[in-house]
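Chemist: Just dropping this structure here.
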Amino acid sequence: MIKGDSLNFLEKLISTISPSGFEHDAVSLWSSYVKRFVSRVGIDVNGNGIALCQGEGNRRVMLAAHIDEIGYMVKYIDREGFLYFAPIGGVDPHLIPGQRVWIKTKKGRITGVIGRKPIHLISRDEERKVAKIEDMFIDIGAKSEKEAKKRISVGDCLVPAVALENLYGDIFVARGFDDKAGVFVMSEVLKKVSQQKLKFTLYGVATTQEEIGLRGARTSSYDISPDIALVIEVTFATDFPGIDKRKVGQINLGGGPVIARGPNIHPEIFDLLVRVAEKNNISYQIEAIERPTGTDANIIQITKSGVKTGLLSIPIRYMHTAVELINAKDLEGAIRLITAFLKVLQ
């Protein structure tokens, strides 16, 4: 079970507001956590956090997990002090009305609500339609545009006001597990391997702007030029109603980390992950992805003359919502598998 300093870090990471382009606070938190057990850590021009565990030899191995999340941005403040906004990343409009949100401002975090007319005042035609984002608004309790602008600026970012909570047993709920769950796994792996003598130099990268085009992974992998890369992500659990497993496969929450297989994945990395999992009695699942994945692995694989790339994911229910669910056992399994994988690379 995740506990102590590790759980405290995960709680703080989830609570930190970090939509694409606004990752600085989360990267700073991550840097402060990992600097205690890596050779050095820094932040590049695009905001990627890059930790280095110095080893022997010329090989470079890169672990990558994106630290940005989906969210919103303030676009306009009207005369009555209501805020209009746009999505950052893939947001489901069905789920937006009625949310409480945290707004990141120059003066700190404030709370708002995404309001709409009560059901009593909505026409039947309106009930049948999904509200357009441009018709939604945020209420911060301001009485005027002037009052709102004392607290809010156009361009401020915001996220659903949801922190980490233990739902039941090993099940946790939060917003932003995509992909702060991956960042957490990577951080715990760095902590473990820092006690080993490595025969390669290991880079751990908290990448930025994945949700809007894999942008941080593009620049950081170009700079690092790794020989091998392993991306740590989340993937769709399919063990709840309404999922057609014939199209997306069978992935269970609590079934273990998910090893991707397909054209985006180097076969040697896939085979090695499977062998390591079986040798160490680590439960795992396989996801068949028949095209380039929608992850940082996509761009890292084709960096410069090519990188041997793998993808290991944490099963997650309700991705890109404010109620993402994970099983802590899958996090622990991923930490064990990656740590053992790196040991074999010695």
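Going through the structure tokens in order, the chains are called A, B, and so on, while each chain numbers its residues from 1 and the ligands are numbered from 1 in the order shown.
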Kindly provide the residues of region 60-128 of chain A that approach region 22-44 of chain A to within 9 Å, each paired with its closest atom pair and their distance in Å to one decimal, based on only C-alpha atoms, listed by chain and increasing number, as CSV.

Modeler:
```
residue,atom,partner,partner_atom,distance
A:Ile67,CA,A:Glu23,CA,6.9
A:Asp68,CA,A:Glu23,CA,5.9
A:Glu69,CA,A:Glu23,CA,8.5
```

Chemist: Please write the residues from the selection above to a file, keeping C-alpha atoms, as a PDB file, in the first residue's frame.

Modeler:
```
ATOM      1  CA  ILE A  67       2.907  16.050 -15.830  1.00  0.00           C
ATOM      2  CA  ASP A  68       0.284  18.191 -17.572  1.00  0.00           C
ATOM      3  CA  GLU A  69      -3.448  17.579 -17.252  1.00  0.00           C
TER       4      GLU A  69
END
```

Chemist: Taking 6 positions as the minimum chain separation for residues in the same chain, which residues sit within 10 Å of region 233-237 of chain A when counting only C-alpha atoms? Answer as a VMD selection string.

Modeler: chain A and resid 64 to 66 177 to 183 185 to 186 243 248 to 255 257 to 258 260 287 295 to 297 311 to 319 325 to 326

Chemist: Could you tell me how far CA of Ile282 (chain A) lies from CA of Gly256 (chain A), in Å and to one decimal?

Modeler: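 We find that CA of Ile282 (chain A) and CA of Gly256 (chain A) lie 7.5 Å from each other.
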
Chemist: Any idea what's packed within 10 Å of Leu272 (chain A), counting only C-alpha atoms, ignoring anything in its chain fewer than 3 positions away? Could you give it as a PyMOL selection string?

Modeler: chain A and resi 267-269+275-278+310+341+344-345

Chemist: Can you write out the residues you just picked, keeping N, CA and C atoms, as a tab-separated table (two decimals), in the first residue's frame?

Modeler:
```tsv
chain	number	residue	atom	x	y	z
A	267	PRO	N	9.88	-4.24	-30.51
A	267	PRO	CA	9.60	-5.61	-30.05
A	267	PRO	C	10.56	-6.10	-28.97
A	268	GLU	N	11.81	-5.65	-28.99
A	268	GLU	CA	12.76	-6.08	-27.97
A	268	GLU	C	12.37	-5.55	-26.60
A	269	ILE	N	11.85	-4.33	-26.55
A	269	ILE	CA	11.43	-3.73	-25.27
A	269	ILE	C	10.18	-4.44	-24.75
A	275	ARG	N	9.21	-10.73	-20.14
A	275	ARG	CA	10.09	-11.69	-19.47
A	275	ARG	C	10.39	-11.27	-18.03
A	276	VAL	N	10.64	-9.99	-17.84
A	276	VAL	CA	10.95	-9.49	-16.49
A	276	VAL	C	9.74	-9.65	-15.57
A	277	ALA	N	8.55	-9.34	-16.09
A	277	ALA	CA	7.34	-9.48	-15.28
A	277	ALA	C	7.13	-10.93	-14.86
A	278	GLU	N	7.30	-11.85	-15.80
A	278	GLU	CA	7.08	-13.28	-15.49
A	278	GLU	C	8.15	-13.81	-14.54
A	310	GLY	N	9.35	1.71	-25.41
A	310	GLY	CA	8.30	0.89	-24.82
A	310	GLY	C	7.27	1.77	-24.14
A	341	PHE	N	13.17	-4.11	-14.69
A	341	PHE	CA	13.53	-3.92	-16.10
A	341	PHE	C	14.87	-3.18	-16.21
A	344	VAL	N	17.84	-5.38	-15.35
A	344	VAL	CA	18.22	-6.31	-16.41
A	344	VAL	C	19.04	-5.59	-17.48
A	345	LEU	N	18.77	-4.31	-17.71
A	345	LEU	CA	19.52	-3.54	-18.70
A	345	LEU	C	20.98	-3.39	-18.33
```

Chemist: Would you mind listing what lies within 12 Å of Asp139 (chain A) as a PyMOL selection string, with only C-alpha atoms counted and same-chain residues fewer than 2 positions away left out?

Modeler: chain A and resi 74+77-78+80-85+97-103+110-116+136-137+141-145+148+152

Chemist: If we count only C-alpha atoms and set the cut-off at 8 Å, which residues sit around Pro87 (chain A), ignoring sequence neighbours fewer than 4 positions away in its own chain? Please answer as a list of chain:residue names.

Modeler: A:Ile70, A:Gly71, A:Tyr72, A:Met73, A:Val91

Chemist: Using N, CA and C atoms, can you write the selected residues to a file as a compact mmCIF listing (two decimals), in the first residue's frame?

Modeler:
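Result went into result.txt, see below:
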```txt
# COMPACT_ATOMS: atom_id res chain seq x y z
N ILE A 70 -5.56 17.89 -18.38
CA ILE A 70 -6.56 18.68 -19.09
C ILE A 70 -7.11 19.75 -18.15
N GLY A 71 -7.72 20.77 -18.70
CA GLY A 71 -8.29 21.83 -17.87
C GLY A 71 -8.99 22.85 -18.73
N TYR A 72 -9.01 24.08 -18.26
CA TYR A 72 -9.69 25.17 -18.95
C TYR A 72 -8.87 26.45 -18.84
N MET A 73 -9.25 27.45 -19.66
CA MET A 73 -8.59 28.75 -19.62
C MET A 73 -9.66 29.85 -19.71
N VAL A 91 -11.69 17.66 -23.31
CA VAL A 91 -12.67 17.77 -22.24
C VAL A 91 -14.04 17.31 -22.76
```

Chemist: I need the residues in region 122-218 of chain A that are helix (DSSP H, G or I) according to DSSP; give them as a PyMOL selection string.

Modeler: chain A and resi 124-127+133-135+145-149+177-193+210-212+215-218

Chemist: Write out, as JSON lines, each residue of region 24-52 of chain A that has an atom at most 8 Å from region 194-208 of chain A, together with the closest pair of atoms and their distance in Å to one decimal, counting only C-alpha atoms, rows going by chain and rising number.

Modeler:
```
{"residue": "A:Val27", "atom": "CA", "partner": "A:Ala206", "partner_atom": "CA", "distance": 7.1}
{"residue": "A:Phe37", "atom": "CA", "partner": "A:Ser194", "partner_atom": "CA", "distance": 6.0}
{"residue": "A:Val38", "atom": "CA", "partner": "A:Ser194", "partner_atom": "CA", "distance": 6.2}
{"residue": "A:Asn46", "atom": "CA", "partner": "A:Thr208", "partner_atom": "CA", "distance": 7.4}
{"residue": "A:Gly47", "atom": "CA", "partner": "A:Thr208", "partner_atom": "CA", "distance": 6.5}
{"residue": "A:Asn48", "atom": "CA", "partner": "A:Thr207", "partner_atom": "CA", "distance": 4.8}
{"residue": "A:Gly49", "atom": "CA", "partner": "A:Ala206", "partner_atom": "CA", "distance": 4.9}
{"residue": "A:Ile50", "atom": "CA", "partner": "A:Val205", "partner_atom": "CA", "distance": 4.6}
{"residue": "A:Ala51", "atom": "CA", "partner": "A:Gly204", "partner_atom": "CA", "distance": 5.0}
{"residue": "A:Leu52", "atom": "CA", "partner": "A:Tyr203", "partner_atom": "CA", "distance": 4.7}
```

Chemist: For the selection you just gave me, I'd like the residues written to a file as a tab-separated table (two decimals), in the first residue's frame, keeping C-alpha atoms.

Modeler:
```tsv
chain	number	residue	atom	x	y	z
A	27	VAL	CA	7.30	20.49	-12.09
A	37	PHE	CA	17.96	10.95	-4.67
A	38	VAL	CA	19.22	11.82	-8.18
A	46	ASN	CA	9.83	24.21	-22.44
A	47	GLY	CA	9.25	23.49	-18.75
A	48	ASN	CA	10.11	19.77	-18.80
A	49	GLY	CA	11.53	18.54	-15.51
A	50	ILE	CA	14.63	16.44	-16.20
A	51	ALA	CA	16.30	14.33	-13.51
A	52	LEU	CA	19.56	12.50	-14.10
```

Chemist: Contacts of Glu127 (chain A) at 12 Å or less, counting only C-alpha atoms, minus same-chain residues fewer than 5 places along, as a PyMOL selection string?

Modeler: chain A and resi 94+116-122

Chemist: Give the answer as one residue: which of A:Lys104, A:Lys75, A:Val61, A:Val154 has the shortest atom-to-atom distance to Val307 (chain A), using only C-alpha atoms?

Modeler: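 For Val307 (chain A), the nearest of the candidates is A:Val61.
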
Chemist: Enumerate the residues of region 78-258 of chain A with a DSSP assignment of strand (DSSP E), computed from the backbone, and present them as a PyMOL selection string.

Modeler: chain A and resi 83-88+100-105+108-115+137-139+157-160+165-168+171-174+201-207+228-236+258

Chemist: Now that the selection is made, can you save its residues with C-alpha atoms as a tab-separated table (two decimals), in the first residue's frame?

Modeler:
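Below is the file part-v5.tsv, written as the result:
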```tsv
chain	number	residue	atom	x	y	z
A	83	LEU	CA	-16.17	34.17	-16.71
A	84	TYR	CA	-16.27	32.44	-20.08
A	85	PHE	CA	-13.71	29.77	-20.82
A	86	ALA	CA	-12.21	27.33	-23.32
A	87	PRO	CA	-10.93	23.77	-22.84
A	88	ILE	CA	-7.27	22.82	-22.65
A	100	ARG	CA	-16.68	23.40	-8.86
A	101	VAL	CA	-13.32	24.60	-10.15
A	102	TRP	CA	-10.01	25.85	-8.83
A	103	ILE	CA	-8.68	28.88	-10.69
A	104	LYS	CA	-4.94	29.54	-10.65
A	105	THR	CA	-4.39	33.30	-10.42
A	108	GLY	CA	-3.29	32.32	-5.54
A	109	ARG	CA	-6.00	29.71	-5.99
A	110	ILE	CA	-9.66	30.71	-5.86
A	111	THR	CA	-12.83	28.64	-6.23
A	112	GLY	CA	-15.59	29.09	-8.79
A	113	VAL	CA	-18.59	27.14	-10.04
A	114	ILE	CA	-19.72	26.33	-13.56
A	115	GLY	CA	-23.39	27.25	-13.42
A	137	PHE	CA	-19.87	30.37	-17.61
A	138	ILE	CA	-18.07	30.41	-14.27
A	139	ASP	CA	-19.47	32.21	-11.26
A	157	CYS	CA	-6.15	28.42	-16.03
A	158	LEU	CA	-8.48	26.24	-14.00
A	159	VAL	CA	-9.30	22.61	-13.22
A	160	PRO	CA	-12.11	20.71	-11.48
A	165	GLU	CA	-9.34	10.48	-2.07
A	166	ASN	CA	-9.24	6.85	-1.02
A	167	LEU	CA	-12.51	5.46	-2.36
A	168	TYR	CA	-12.30	1.94	-0.95
A	171	ILE	CA	-9.02	2.19	-5.05
A	172	PHE	CA	-8.25	5.92	-5.29
A	173	VAL	CA	-10.20	8.66	-7.06
A	174	ALA	CA	-8.94	12.03	-8.29
A	201	THR	CA	22.88	7.12	-17.55
A	202	LEU	CA	19.22	7.27	-16.59
A	203	TYR	CA	17.01	10.27	-17.32
A	204	GLY	CA	13.62	10.74	-15.71
A	205	VAL	CA	11.53	13.34	-17.53
A	206	ALA	CA	8.29	14.94	-16.37
A	207	THR	CA	7.15	16.07	-19.81
A	228	ILE	CA	16.12	3.30	-25.00
A	229	ALA	CA	12.96	5.01	-23.73
A	230	LEU	CA	10.11	3.78	-21.58
A	231	VAL	CA	7.00	5.92	-21.40
A	232	ILE	CA	4.82	5.55	-18.29
A	233	GLU	CA	1.19	6.41	-18.94
A	234	VAL	CA	-2.38	5.53	-18.13
A	235	THR	CA	-4.68	3.52	-20.36
A	236	PHE	CA	-8.38	2.70	-20.53
A	258	VAL	CA	-0.30	-2.81	-18.99
```
